[in-house]
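See below for the structure under consideration.
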Amino acid sequence: MPANATSQTLDAKSRLLKEIATSIRDGSLELPSLPDIAIEVRVAISKADLDINKLARLIQQDPGLAAYLMKVSHSAVYNRGNPVTSLTMAVSRLGLNTTRDLTMSYALRALFLINDTGVKRMLRQYWQRSVHTAALAHTMAKRYGFNPDRAMLAGLLQDIGALPILAKLKSYPELLNAPADTERLLREYTGKINGLILHAWQFDTEMKIAALNRENWMRDSDNSADLTDLILIARYHTYLHSGSHKTLPKLWDLPAFKRLGLEDVDPAEGIAFLKEAEQEIEDLRCTLQGG
């Protein structure tokens with residue numbers, strides 16, 4: 001890169017850094033809004049007198065969401081053999097909490113998959129990474145005693161904080177051609193912004209902690225294994241799968257690895273488990289991604 005271009009990139013990077021840091025500090029950072037359908041489904045499911053037929057009618061107001069839930073209910077992860085012929089049956093098969101979390105996953109996908117030519121490629125990369133982490137987390141959760149659908153949603157929320165940064169990036173065209181600088185910015189700030197967004201969206205503390213610590217590999221705690229530990233290990237394996245992270249610590253050095261009890265698992269057994277679950281992970285990944 002010519003010296004002048006390098007200077008312009010560094011200047012743009014420092015200006016963007018200052019803008020992001022200032023907007024986080026003074027509360028002016030523009031956060032993405034939770035889509036209406038996700039809010040409406042969450043509110044409906046929280047009511048004690050919920051009528052599942054009314055919930056199905058609410059979901060049908062968004063044909064894309066209705067089709068998505070029908071598709072998921074037929075996927076290998078949730079299919080119990082009998083065909084689902086109505087949205088009410090699909091919701092019944094999935095269960096209310098899973099329906100709520102899958103509605104959120106559908107809404108999240110819409111936020112990432114926008115046709116903005118400047119940042120479209122990066123948005124898709126981040127969504128694909130989140131989806132792979134979510135699919136791994138779902139499968140691992142069943143093995144290690146966590147709620148699979150909650151783990152899946154936590155995985156999908158890992159990179160939501162990248163959205164405001166990428167939105168600002170459009171005003172700094174120099175950085176669009178400097179992916180390494182952009183990636184460093186995203187690594188530094190995405191976790192912090194995750195916390196702001198999930199607070200604004202009224203997520204619980206456990207989900208916020210998992211999002212804040214998205215790459216805090218050496219996070220340690222005196223407590224037993226938690227959702228954050230599970231998501232960290234799932235994200236670690238996502239990077240191993242893609243080869244996109246060059247500075248990962250050794251897996252067995254991660255406190256999360258030890259708290260999950262994986263240090264007592266033969267490495268060959270751990271690899272065999274992921275190999276056996278490969279088709280399930282791929283099926284869920286394709287379903288979430290829309291592929």
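Chain lettering (A, B, ...) mirrors the order of the structure tokens, residue numbering begins at 1 for each chain separately, and ligand numbering begins at 1 in order of display.
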request  = Using only C-alpha atoms, determine which residues lie at most 9 Å from stretch 152-163 of chain A, disregarding the query and same-chain residues fewer than 2 positions distant; provide the list as a ChimeraX atom specification.
outcome  = /A:31-32,101-102,104-105,108-109,111-112,123,126-127,129-139,141,147-150,165-168,186-187,189-198,207-208,210-214,227-228,231,234-235
Grab the residues selected above and save them as a tab-separated table (two decimals), in the first residue's frame with C-alpha atoms.
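New file out_1.tsv:
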```
chain	number	residue	atom	x	y	z
A	31	LEU	CA	-28.26	0.85	17.99
A	32	PRO	CA	-30.27	-1.48	15.73
A	101	ASP	CA	-35.99	-17.91	20.05
A	102	LEU	CA	-36.37	-18.93	16.40
A	104	MET	CA	-35.48	-13.84	17.14
A	105	SER	CA	-33.05	-15.74	14.90
A	108	LEU	CA	-31.49	-11.20	13.39
A	109	ARG	CA	-30.89	-12.65	9.95
A	111	LEU	CA	-30.59	-7.27	10.21
A	112	PHE	CA	-27.42	-8.86	8.83
A	123	LEU	CA	-22.14	-8.51	7.21
A	126	TYR	CA	-20.31	-12.13	10.47
A	127	TRP	CA	-23.74	-13.73	10.12
A	129	ARG	CA	-19.84	-17.04	11.78
A	130	SER	CA	-22.68	-16.44	14.23
A	131	VAL	CA	-24.77	-19.17	12.61
A	132	HIS	CA	-21.98	-21.73	12.78
A	133	THR	CA	-21.34	-20.84	16.43
A	134	ALA	CA	-25.07	-21.15	17.16
A	135	ALA	CA	-25.33	-24.57	15.49
A	136	LEU	CA	-22.30	-25.85	17.40
A	137	ALA	CA	-23.62	-24.41	20.67
A	138	HIS	CA	-27.01	-26.08	20.15
A	139	THR	CA	-25.39	-29.48	19.63
A	141	ALA	CA	-25.60	-27.87	24.87
A	147	ASN	CA	-30.74	-25.53	27.15
A	148	PRO	CA	-30.01	-26.09	23.42
A	149	ASP	CA	-32.31	-23.38	22.04
A	150	ARG	CA	-31.05	-20.79	24.50
A	165	ILE	CA	-19.67	-0.25	13.59
A	166	LEU	CA	-20.24	-1.44	10.03
A	167	ALA	CA	-22.96	1.19	9.61
A	168	LYS	CA	-20.41	3.89	10.51
A	186	LEU	CA	-14.56	-4.91	15.30
A	187	ARG	CA	-12.69	-7.18	17.72
A	189	TYR	CA	-15.63	-2.90	20.20
A	190	THR	CA	-18.16	-5.55	19.19
A	191	GLY	CA	-18.36	-7.13	22.65
A	192	LYS	CA	-18.96	-3.78	24.36
A	193	ILE	CA	-21.68	-2.86	21.87
A	194	ASN	CA	-23.23	-6.33	22.22
A	195	GLY	CA	-23.89	-5.46	25.86
A	196	LEU	CA	-25.51	-2.12	24.97
A	197	ILE	CA	-27.79	-3.71	22.37
A	198	LEU	CA	-28.91	-6.63	24.53
A	207	MET	CA	-27.27	-13.61	27.69
A	208	LYS	CA	-25.59	-10.21	28.08
A	210	ALA	CA	-22.17	-14.29	27.03
A	211	ALA	CA	-22.30	-11.51	24.42
A	212	LEU	CA	-19.93	-9.19	26.30
A	213	ASN	CA	-17.32	-11.96	26.62
A	214	ARG	CA	-17.51	-13.17	23.02
A	227	LEU	CA	-23.56	-20.37	29.12
A	228	THR	CA	-20.61	-18.06	28.43
A	231	ILE	CA	-20.41	-20.20	23.74
A	234	ALA	CA	-18.37	-23.12	20.33
A	235	ARG	CA	-16.90	-19.89	18.94
```
request  = Find the residues near A:Leu284: any atom within 7 Å, counting only C-alpha atoms, skip ones fewer than 3 places away on the same chain, and give them as a list in words.
outcome  = Val77, Ala135, Glu280, Ile281, Thr287 and Leu288 of chain A
message = One number please: atom CA of A:Gly261 to atom CA of A:Tyr144, in Å, one decimal.
response = 9.1 Å
Neighbours of A:Lys13 within 12 Å (only C-alpha atoms; same-chain residues fewer than 2 positions away dropped), as a compact mmCIF listing (two decimals) with C-alpha atoms, in the first residue's frame?
```
# COMPACT_ATOMS: atom_id res chain seq x y z
CA THR A 6 -1.46 4.08 4.53
CA SER A 7 -1.54 7.51 6.18
CA GLN A 8 -5.13 8.08 5.06
CA THR A 9 -6.16 4.67 6.41
CA LEU A 10 -4.54 5.32 9.79
CA ASP A 11 -6.20 8.74 9.98
CA ARG A 15 -11.22 9.16 13.58
CA LEU A 16 -13.59 6.18 13.57
CA LEU A 17 -12.11 4.91 16.84
CA LYS A 18 -12.71 8.30 18.43
CA GLU A 19 -16.25 8.50 17.05
CA ILE A 20 -17.18 5.03 18.33
CA ILE A 165 -19.67 -0.25 13.59
CA LYS A 168 -20.41 3.89 10.51
CA LEU A 169 -17.81 2.31 8.24
CA SER A 171 -18.53 7.07 6.08
CA TYR A 172 -14.89 5.90 6.03
CA PRO A 173 -14.31 4.43 2.55
CA GLU A 174 -10.56 4.21 3.20
CA LEU A 175 -11.22 1.47 5.74
CA LEU A 176 -13.38 -0.57 3.38
CA ASN A 177 -10.15 -1.47 1.59
CA ALA A 178 -8.27 -2.21 4.81
CA PRO A 179 -9.89 -5.40 6.15
CA ALA A 180 -7.19 -6.07 8.76
CA ASP A 181 -7.71 -2.64 10.36
CA THR A 182 -11.47 -3.06 10.22
CA GLU A 183 -11.28 -6.50 11.84
CA ARG A 184 -9.17 -5.11 14.69
CA LEU A 185 -11.76 -2.38 15.28
CA LEU A 186 -14.56 -4.91 15.30
```
request  = Enumerate, as a count of residues only, the complete set of residues in stretch 25-257 of chain A that a backbone-based DSSP assignment places in alpha helix (DSSP H).
outcome  = 152
key: Among listed residues A:Ala151, A:Leu34, A:Met218, A:Leu113, nearest A:Pro255 (using only C-alpha atoms)   =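 Of the candidates, the smallest distance to A:Pro255 is held by A:Met218.
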Need the shell around A:Leu260: protein/DNA/RNA residues with any atom at most 10 Å away, counting only C-alpha atoms. Skip same-chain ones fewer than 6 positions apart. Format as a PDB file with C-alpha atoms, in the first residue's frame?
```pdb
ATOM      1  CA  TYR A 144     -23.259 -30.833  28.414  1.00  0.00           C
ATOM      2  CA  SER A 224     -19.469 -23.774  37.762  1.00  0.00           C
ATOM      3  CA  ALA A 225     -19.634 -23.861  33.969  1.00  0.00           C
ATOM      4  CA  ASP A 226     -22.104 -21.408  32.472  1.00  0.00           C
ATOM      5  CA  ASP A 229     -18.191 -20.986  28.744  1.00  0.00           C
ATOM      6  CA  LEU A 230     -20.223 -23.036  26.284  1.00  0.00           C
ATOM      7  CA  ILE A 233     -15.854 -23.094  23.196  1.00  0.00           C
TER       8      ILE A 233
END
```
